[in-house]
Amino acid sequence: MPVTIKAAKVTEPADLEKVFAIRREVFVDEQNCPPELEWEFEDESTHFLATVDGEPAGASRWRKTDKGYKLERFAVLQKFRGMGVGQELVKTVLDDLPADAKYVYMHAQIQAVSLYEKFGFEKTGPEFEEAGIRHYKMVRR
């Protein structure tokens, strides 16, 4: 049965709570990321919530750094993986970046590299560990 996947920028406190709940479940509970590393730069970030048939399913954000625009915190709840939620989030986040966003980058978990490659991101540099998880820096070409 077809499902409706939507992703949108969110600013309302109730929607931000859904975003943070998804990130807590995926990063802190499932991937054992230390909570103090997970909760940073929230006020300066632009947050996104993805839903499947209206149910919260995924989250992400972008923020401007001294290097450019960094895409971060892509998280999809386990029961919604493989449905295209991550792709919808990436597309929506990229569409939301300012027109002057020339340098767009991320620290991608190894298992998500192929997703980001579909959107023009390329691995740059060696594999590294962040919060106990293997990553690659990726830059959009």
# chains A, B, ... in the order shown; residues from 1 in each chain; ligands from 1
>>> residues_around(residues="Leu49 in chain A", least_positions_apart="6", cutoff="7 Å", atoms="only C-alpha atoms", output="count of residues only")
8
>>> select_by_dssp(residues="chain A", states="helix (DSSP H, G or I)", output="ChimeraX atom specification")
/A:13-30,35-38,78-80,85-96,110-117
>>> residues_around(residues="range 120-131 of chain A", least_positions_apart="4", cutoff="7 Å", atoms="only C-alpha atoms", output="list in words")
Cys33, Pro34, Tyr116, His135, Tyr136, Lys137, Met138, Val139, Arg140 and Arg141 of chain A
>>> select_by_dssp(residues="range 9-109 of chain A", states="strand (DSSP E)", output="MDAnalysis selection string")
chainID A and resid 9:10 46:52 55:64 69:76 104:109
>>> write_last_selection(atoms="N, CA, C and O atoms", output="tab-separated table (two decimals), in the first residue's frame")
chain	number	residue	atom	x	y	z
A	9	LYS	N	10.52	21.97	7.02
A	9	LYS	CA	11.20	22.74	8.05
A	9	LYS	C	10.23	22.96	9.19
A	9	LYS	O	9.05	23.21	8.97
A	10	VAL	N	10.72	22.84	10.42
A	10	VAL	CA	9.85	23.04	11.59
A	10	VAL	C	10.47	24.04	12.56
A	10	VAL	O	11.69	24.07	12.73
A	46	THR	N	18.70	24.90	11.55
A	46	THR	CA	17.39	24.86	10.91
A	46	THR	C	16.96	23.40	10.90
A	46	THR	O	17.66	22.56	10.33
A	47	HIS	N	15.83	23.09	11.55
A	47	HIS	CA	15.42	21.70	11.79
A	47	HIS	C	14.33	21.25	10.82
A	47	HIS	O	13.49	22.05	10.38
A	48	PHE	N	14.32	19.93	10.55
A	48	PHE	CA	13.35	19.33	9.64
A	48	PHE	C	12.75	18.07	10.26
A	48	PHE	O	13.45	17.32	10.94
A	49	LEU	N	11.49	17.87	9.97
A	49	LEU	CA	10.77	16.69	10.44
A	49	LEU	C	10.17	15.98	9.23
A	49	LEU	O	9.54	16.63	8.38
A	50	ALA	N	10.38	14.68	9.15
A	50	ALA	CA	9.75	13.87	8.10
A	50	ALA	C	8.65	13.04	8.71
A	50	ALA	O	8.77	12.57	9.85
A	51	THR	N	7.57	12.87	7.96
A	51	THR	CA	6.46	12.05	8.42
A	51	THR	C	6.10	11.02	7.35
A	51	THR	O	6.33	11.23	6.16
A	52	VAL	N	5.56	9.92	7.82
A	52	VAL	CA	5.01	8.89	6.93
A	52	VAL	C	3.54	8.77	7.31
A	52	VAL	O	3.22	8.43	8.46
A	55	GLU	N	2.73	10.38	10.55
A	55	GLU	CA	3.41	9.92	11.77
A	55	GLU	C	4.89	10.33	11.72
A	55	GLU	O	5.56	10.11	10.71
A	56	PRO	N	5.43	10.93	12.79
A	56	PRO	CA	6.84	11.31	12.81
A	56	PRO	C	7.74	10.12	12.48
A	56	PRO	O	7.59	9.05	13.07
A	57	ALA	N	8.67	10.32	11.52
A	57	ALA	CA	9.48	9.21	11.05
A	57	ALA	C	10.96	9.53	10.96
A	57	ALA	O	11.80	8.63	11.07
A	58	GLY	N	11.31	10.80	10.76
A	58	GLY	CA	12.71	11.14	10.58
A	58	GLY	C	12.96	12.60	10.89
A	58	GLY	O	12.03	13.40	10.99
A	59	ALA	N	14.25	12.93	11.03
A	59	ALA	CA	14.64	14.29	11.38
A	59	ALA	C	16.00	14.60	10.78
A	59	ALA	O	16.78	13.69	10.47
A	60	SER	N	16.28	15.90	10.63
A	60	SER	CA	17.59	16.36	10.19
A	60	SER	C	17.69	17.86	10.45
A	60	SER	O	16.73	18.48	10.91
A	61	ARG	N	18.87	18.41	10.12
A	61	ARG	CA	19.05	19.85	10.27
A	61	ARG	C	20.20	20.31	9.39
A	61	ARG	O	21.00	19.51	8.91
A	62	TRP	N	20.28	21.62	9.20
A	62	TRP	CA	21.46	22.23	8.62
A	62	TRP	C	21.81	23.45	9.46
A	62	TRP	O	20.96	23.98	10.16
A	63	ARG	N	23.10	23.83	9.38
A	63	ARG	CA	23.53	25.06	10.06
A	63	ARG	C	24.71	25.64	9.31
A	63	ARG	O	25.47	24.94	8.65
A	64	LYS	N	24.82	26.96	9.42
A	64	LYS	CA	25.94	27.66	8.80
A	64	LYS	C	27.12	27.58	9.76
A	64	LYS	O	26.97	27.82	10.96
A	69	TYR	N	27.98	25.37	4.77
A	69	TYR	CA	26.71	24.87	5.28
A	69	TYR	C	26.84	23.38	5.56
A	69	TYR	O	27.16	22.59	4.67
A	70	LYS	N	26.59	23.02	6.82
A	70	LYS	CA	26.76	21.63	7.25
A	70	LYS	C	25.40	20.97	7.45
A	70	LYS	O	24.56	21.48	8.18
A	71	LEU	N	25.20	19.85	6.77
A	71	LEU	CA	23.99	19.04	6.94
A	71	LEU	C	24.29	18.02	8.03
A	71	LEU	O	25.35	17.40	8.03
A	72	GLU	N	23.33	17.88	8.97
A	72	GLU	CA	23.61	17.06	10.15
A	72	GLU	C	22.37	16.33	10.64
A	72	GLU	O	21.25	16.67	10.31
A	73	ARG	N	22.64	15.38	11.52
A	73	ARG	CA	21.62	14.71	12.34
A	73	ARG	C	20.50	14.06	11.53
A	73	ARG	O	19.34	14.12	11.91
A	74	PHE	N	20.86	13.45	10.41
A	74	PHE	CA	19.85	12.71	9.65
A	74	PHE	C	19.54	11.43	10.42
A	74	PHE	O	20.43	10.62	10.67
A	75	ALA	N	18.30	11.28	10.81
A	75	ALA	CA	17.88	10.12	11.61
A	75	ALA	C	16.51	9.66	11.12
A	75	ALA	O	15.61	10.48	10.94
A	76	VAL	N	16.38	8.36	10.90
A	76	VAL	CA	15.09	7.78	10.51
A	76	VAL	C	14.79	6.65	11.49
A	76	VAL	O	15.65	5.79	11.74
A	104	VAL	N	28.80	22.98	0.69
A	104	VAL	CA	27.84	22.19	1.48
A	104	VAL	C	28.53	20.87	1.82
A	104	VAL	O	29.02	20.17	0.93
A	105	TYR	N	28.55	20.53	3.11
A	105	TYR	CA	29.27	19.34	3.53
A	105	TYR	C	28.55	18.65	4.69
A	105	TYR	O	27.57	19.17	5.24
A	106	MET	N	29.04	17.47	5.03
A	106	MET	CA	28.48	16.69	6.15
A	106	MET	C	29.50	15.68	6.62
A	106	MET	O	30.48	15.40	5.93
A	107	HIS	N	29.24	15.14	7.80
A	107	HIS	CA	29.97	13.99	8.32
A	107	HIS	C	28.99	12.83	8.25
A	107	HIS	O	28.07	12.76	9.07
A	108	ALA	N	29.16	11.96	7.27
A	108	ALA	CA	28.19	10.90	6.99
A	108	ALA	C	28.60	9.59	7.63
A	108	ALA	O	29.74	9.15	7.50
A	109	GLN	N	27.64	8.96	8.32
A	109	GLN	CA	27.89	7.62	8.83
A	109	GLN	C	28.10	6.69	7.62
A	109	GLN	O	27.46	6.85	6.58
>>> atom_distance(atom1="CA of Val85 in chain A", atom2="CA of Thr65 in chain A")
25.7 Å
>>> closest_residue(among="A:Val28, A:Asp100, A:Asp43, A:Pro35", to="Leu16 in chain A", atoms="only C-alpha atoms")
A:Asp43
>>> atom_distance(atom1="CA of Phe27 in chain A", atom2="CA of Gln87 in chain A")
18.6 Å
>>> atom_distance(atom1="CA of Asp96 in chain A", atom2="CA of Glu12 in chain A")
17.1 Å
>>> closest_residue(among="A:Asp15, A:Glu25, A:Gln111, A:Phe119", to="Glu88 in chain A", atoms="only C-alpha atoms")
A:Phe119
>>> closest_residue(among="A:Lys91, A:Arg134, A:Ala99, A:Phe41", to="Leu115 in chain A", atoms="only C-alpha atoms")
A:Lys91
